[in-house]
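Asks: After the structure tokens below, expect a handful of questions from me.
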Amino acid sequence: MALKSCHHHGFTVFDVDRSLKFYRDLLGLEVVRISERSDLPAYDRILGFERVKFRVALLRHPVHAFILELIQYVNPPVLTRELRNDFVGSSHVAFEVDDIDAMFRAMQAAGYGAINPPEDVIRNGQRVARAMYALDPDGITVEMFQEFADVMAN
């Protein structure tokens, strides 16, 4: 028994359409499909809810096989909670970008926040990357980083 691959990473969001403006329109992920799921007893059992109903958007990177799933629960109603990176079970997705400073400016212009502006990552006295934790419309942490040459050797 072995894992074949990582199929997708998923986030529960408050509003799929609002999240699409961030992940599709700003970050450039492509929509694979947007659908609604309900009245499927298998989903009730898998998810542990009765009469589950949700909207789901699957997005993928236009070049790589990465898939991001955004789920908006209708039933049971979506609940919000404080999102902090130090909570057990916290999750984030990381995207490598070619110009992190331009990405930060684009995010600011579009009205999105960040925990911090881009910061140099120094290891062994060498700048190996610039990184930041951006915030999607629900306050979910999305890491952005720009690697520099020979980073894997460090």
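Chain identifiers are assigned as A, B, and so on, following the order in which chains appear in the structure tokens; residues are numbered from 1 within each chain, and ligands are numbered from 1 in order of appearance.
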Do a neighbour search on range 66-78 of chain A at 10 Å with only C-alpha atoms, toss out local chain neighbours closer than 2 positions, and write the hits as a ChimeraX atom specification.

Replies: /A:6-17,19-20,23,29-38,49-64,80,93

Asks: Export, as a tab-separated table (two decimals), in the first residue's frame, the selected residues with N, CA and C atoms.

Replies:
```
chain	number	residue	atom	x	y	z
A	6	CYS	N	-0.39	13.38	-4.48
A	6	CYS	CA	-1.22	14.31	-3.73
A	6	CYS	C	-2.20	14.90	-4.74
A	7	HIS	N	-3.47	14.66	-4.53
A	7	HIS	CA	-4.48	15.08	-5.51
A	7	HIS	C	-4.83	16.56	-5.39
A	8	HIS	N	-5.12	17.04	-4.18
A	8	HIS	CA	-5.50	18.44	-4.04
A	8	HIS	C	-5.33	18.91	-2.60
A	9	HIS	N	-5.37	20.21	-2.44
A	9	HIS	CA	-5.39	20.83	-1.12
A	9	HIS	C	-6.69	21.62	-1.06
A	10	GLY	N	-7.41	21.52	0.06
A	10	GLY	CA	-8.71	22.18	0.14
A	10	GLY	C	-8.82	23.15	1.29
A	11	PHE	N	-9.62	24.19	1.07
A	11	PHE	CA	-9.97	25.16	2.10
A	11	PHE	C	-11.48	25.31	2.13
A	12	THR	N	-12.04	25.39	3.33
A	12	THR	CA	-13.44	25.79	3.48
A	12	THR	C	-13.47	27.31	3.47
A	13	VAL	N	-14.31	27.89	2.62
A	13	VAL	CA	-14.39	29.34	2.48
A	13	VAL	C	-15.82	29.80	2.75
A	14	PHE	N	-15.96	31.08	3.02
A	14	PHE	CA	-17.28	31.64	3.30
A	14	PHE	C	-18.10	31.77	2.03
A	15	ASP	N	-17.46	32.17	0.92
A	15	ASP	CA	-18.17	32.42	-0.33
A	15	ASP	C	-17.24	32.06	-1.49
A	16	VAL	N	-17.58	31.03	-2.23
A	16	VAL	CA	-16.75	30.57	-3.34
A	16	VAL	C	-16.51	31.69	-4.35
A	17	ASP	N	-17.55	32.44	-4.69
A	17	ASP	CA	-17.39	33.48	-5.71
A	17	ASP	C	-16.40	34.55	-5.26
A	19	SER	N	-13.93	34.10	-3.14
A	19	SER	CA	-12.61	33.47	-3.13
A	19	SER	C	-12.05	33.33	-4.54
A	20	LEU	N	-12.91	33.13	-5.53
A	20	LEU	CA	-12.45	33.02	-6.91
A	20	LEU	C	-11.77	34.31	-7.38
A	23	TYR	N	-8.12	33.71	-5.90
A	23	TYR	CA	-7.34	32.58	-6.41
A	23	TYR	C	-7.32	32.51	-7.93
A	29	LEU	N	-4.93	31.01	-10.98
A	29	LEU	CA	-5.31	29.60	-11.07
A	29	LEU	C	-6.50	29.46	-12.02
A	30	GLU	N	-6.55	28.37	-12.75
A	30	GLU	CA	-7.63	28.14	-13.72
A	30	GLU	C	-8.73	27.30	-13.11
A	31	VAL	N	-9.98	27.66	-13.40
A	31	VAL	CA	-11.12	26.91	-12.90
A	31	VAL	C	-11.26	25.61	-13.68
A	32	VAL	N	-11.26	24.50	-12.96
A	32	VAL	CA	-11.53	23.20	-13.56
A	32	VAL	C	-13.04	23.01	-13.62
A	33	ARG	N	-13.70	23.27	-12.49
A	33	ARG	CA	-15.16	23.22	-12.44
A	33	ARG	C	-15.66	23.86	-11.16
A	34	ILE	N	-16.88	24.32	-11.24
A	34	ILE	CA	-17.61	24.82	-10.07
A	34	ILE	C	-18.91	24.05	-10.06
A	35	SER	N	-19.22	23.44	-8.94
A	35	SER	CA	-20.43	22.63	-8.89
A	35	SER	C	-21.06	22.69	-7.50
A	36	GLU	N	-22.27	22.18	-7.44
A	36	GLU	CA	-22.98	22.08	-6.17
A	36	GLU	C	-23.22	20.61	-5.89
A	37	ARG	N	-23.04	20.23	-4.65
A	37	ARG	CA	-23.25	18.84	-4.24
A	37	ARG	C	-24.29	18.81	-3.13
A	38	SER	N	-25.30	17.96	-3.30
A	38	SER	CA	-26.32	17.79	-2.26
A	38	SER	C	-27.06	16.47	-2.51
A	49	PHE	N	-21.98	14.71	8.30
A	49	PHE	CA	-23.11	15.63	8.46
A	49	PHE	C	-24.35	15.02	7.82
A	50	GLU	N	-25.50	15.49	8.24
A	50	GLU	CA	-26.76	15.06	7.60
A	50	GLU	C	-27.18	16.08	6.56
A	51	ARG	N	-27.67	15.57	5.42
A	51	ARG	CA	-28.17	16.40	4.34
A	51	ARG	C	-27.15	17.48	3.93
A	52	VAL	N	-25.90	17.05	3.79
A	52	VAL	CA	-24.84	17.99	3.43
A	52	VAL	C	-25.11	18.60	2.05
A	53	LYS	N	-24.84	19.89	1.97
A	53	LYS	CA	-24.98	20.62	0.71
A	53	LYS	C	-23.86	21.65	0.68
A	54	PHE	N	-23.12	21.66	-0.43
A	54	PHE	CA	-22.05	22.64	-0.54
A	54	PHE	C	-21.78	22.98	-1.99
A	55	ARG	N	-21.13	24.13	-2.19
A	55	ARG	CA	-20.61	24.53	-3.50
A	55	ARG	C	-19.11	24.25	-3.46
A	56	VAL	N	-18.60	23.80	-4.55
A	56	VAL	CA	-17.17	23.48	-4.60
A	56	VAL	C	-16.58	24.00	-5.92
A	57	ALA	N	-15.42	24.61	-5.79
A	57	ALA	CA	-14.67	25.05	-6.98
A	57	ALA	C	-13.33	24.34	-6.96
A	58	LEU	N	-12.98	23.74	-8.06
A	58	LEU	CA	-11.66	23.14	-8.23
A	58	LEU	C	-10.87	24.04	-9.18
A	59	LEU	N	-9.68	24.41	-8.74
A	59	LEU	CA	-8.81	25.25	-9.54
A	59	LEU	C	-7.48	24.55	-9.70
A	60	ARG	N	-6.78	24.84	-10.79
A	60	ARG	CA	-5.47	24.23	-10.98
A	60	ARG	C	-4.51	25.27	-11.53
A	61	HIS	N	-3.26	24.99	-11.26
A	61	HIS	CA	-2.20	25.82	-11.82
A	61	HIS	C	-2.16	25.56	-13.32
A	62	PRO	N	-2.00	26.60	-14.15
A	62	PRO	CA	-2.04	26.39	-15.60
A	62	PRO	C	-0.91	25.53	-16.16
A	63	VAL	N	0.19	25.35	-15.42
A	63	VAL	CA	1.30	24.56	-15.93
A	63	VAL	C	1.49	23.28	-15.13
A	64	HIS	N	1.43	23.38	-13.81
A	64	HIS	CA	1.68	22.24	-12.94
A	64	HIS	C	0.37	21.54	-12.59
A	80	THR	N	-17.38	30.41	11.06
A	80	THR	CA	-16.07	31.05	11.02
A	80	THR	C	-15.42	30.95	12.38
A	93	VAL	N	-1.21	27.10	2.04
A	93	VAL	CA	-0.67	26.65	0.78
A	93	VAL	C	0.41	27.66	0.39
```

Asks: Please return, as a PyMOL selection string, all residues of range 1-71 of chain A that DSSP assigns to strand (DSSP E) on the basis of the backbone.

Replies: chain A and resi 9-12+30-38+53-60+67-71

Asks: Considering only C-alpha atoms, return as a JSON list (two decimals) with C-alpha atoms, in the first residue's frame whatever protein or nucleic-acid residues lie within 10 Å of Arg127 in chain A, sequence-local ones (same chain, fewer than 5 positions apart) excluded.

Replies:
```json
[["chain", "number", "residue", "atom", "x", "y", "z"],
["A", 120, "ASP", "CA", 14.40, 38.41, 2.84],
["A", 121, "VAL", "CA", 15.20, 34.91, 4.08],
["A", 122, "ILE", "CA", 18.87, 34.65, 5.02],
["A", 147, "GLU", "CA", 13.57, 31.57, -4.44],
["A", 148, "PHE", "CA", 17.00, 32.68, -5.54],
["A", 149, "ALA", "CA", 19.75, 30.63, -7.22],
["A", 151, "VAL", "CA", 18.59, 27.69, -2.66]]
```

Asks: Find the residues near range 129-135 of chain A: any atom within 7 Å, counting only C-alpha atoms, skip ones fewer than 4 places away on the same chain, and give them as a CSV table (one decimal) with N, CA and C atoms, in the first residue's frame.

Replies:
```
chain,number,residue,atom,x,y,z
A,112,TYR,N,-6.3,43.2,-0.8
A,112,TYR,CA,-6.0,42.0,0.0
A,112,TYR,C,-4.9,42.3,1.0
A,113,GLY,N,-4.9,41.7,2.1
A,113,GLY,CA,-3.9,41.9,3.1
A,113,GLY,C,-2.8,40.9,3.2
A,114,ALA,N,-1.9,41.1,4.1
A,114,ALA,CA,-0.8,40.2,4.4
A,114,ALA,C,-0.4,40.3,5.8
A,115,ILE,N,0.1,39.3,6.4
A,115,ILE,CA,0.6,39.3,7.7
A,115,ILE,C,1.9,40.2,7.8
A,116,ASN,N,2.6,40.2,6.7
A,116,ASN,CA,3.8,41.0,6.6
A,116,ASN,C,4.1,41.3,5.1
A,117,PRO,N,4.9,42.4,4.8
A,117,PRO,CA,5.3,42.6,3.5
A,117,PRO,C,6.5,41.6,3.2
A,118,PRO,N,6.9,41.4,1.9
A,118,PRO,CA,8.0,40.5,1.6
A,118,PRO,C,9.2,40.7,2.5
A,119,GLU,N,9.8,39.6,2.9
A,119,GLU,CA,11.0,39.7,3.8
A,119,GLU,C,12.0,38.8,3.2
A,120,ASP,N,13.3,39.2,3.3
A,120,ASP,CA,14.4,38.4,2.8
A,120,ASP,C,14.6,37.3,3.8
A,121,VAL,N,14.9,36.1,3.3
A,121,VAL,CA,15.2,34.9,4.1
A,121,VAL,C,16.7,34.7,3.9
A,139,GLY,N,-9.1,35.4,5.3
A,139,GLY,CA,-8.0,35.5,6.3
A,139,GLY,C,-7.2,34.2,6.3
A,140,ILE,N,-7.4,33.3,5.3
A,140,ILE,CA,-6.6,32.1,5.3
A,140,ILE,C,-5.2,32.5,4.8
A,141,THR,N,-4.2,31.9,5.5
A,141,THR,CA,-2.8,32.2,5.1
A,141,THR,C,-2.4,31.5,3.8
A,142,VAL,N,-1.8,32.3,2.9
A,142,VAL,CA,-1.3,31.9,1.7
A,142,VAL,C,0.1,32.4,1.6
A,143,GLU,N,1.1,31.4,1.6
A,143,GLU,CA,2.5,31.8,1.6
A,143,GLU,C,2.9,32.1,0.1
A,144,MET,N,3.6,33.2,0.0
A,144,MET,CA,4.2,33.5,-1.3
A,144,MET,C,5.7,33.6,-1.1
A,145,PHE,N,6.5,33.0,-2.0
A,145,PHE,CA,7.9,33.1,-1.9
A,145,PHE,C,8.6,33.1,-3.3
A,146,GLN,N,9.7,33.8,-3.3
A,146,GLN,CA,10.5,33.9,-4.5
A,146,GLN,C,11.9,33.3,-4.1
A,147,GLU,N,12.3,32.2,-4.7
A,147,GLU,CA,13.6,31.6,-4.4
A,147,GLU,C,14.6,32.2,-5.3
A,148,PHE,N,15.9,32.2,-4.8
A,148,PHE,CA,17.0,32.7,-5.5
A,148,PHE,C,17.9,31.5,-5.9
```

Asks: Could you give me, as JSON lines, every range 25-46 of chain A residue with an atom at most 12 Å from range 97-102 of chain A, plus its closest atom pair and distance in Å to one decimal, counting only C-alpha atoms, rows ordered by chain then number?

Replies:
```
{"residue": "A:Leu26", "atom": "CA", "partner": "A:Ala102", "partner_atom": "CA", "distance": 11.8}
{"residue": "A:Leu27", "atom": "CA", "partner": "A:Val97", "partner_atom": "CA", "distance": 9.6}
{"residue": "A:Gly28", "atom": "CA", "partner": "A:Val97", "partner_atom": "CA", "distance": 11.3}
```

Asks: Have a look at CA of His92 in chain A and CA of Pro137 in chain A and let me know their distance in Å, one decimal.

Replies: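 The value is 13.7 Å.
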
Asks: Can you work out the spacing between CA of Val88 in chain A and CA of Asp138 in chain A in Å, to one decimal?

Replies: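 Distance reported for this atom pair: 18.4 Å.
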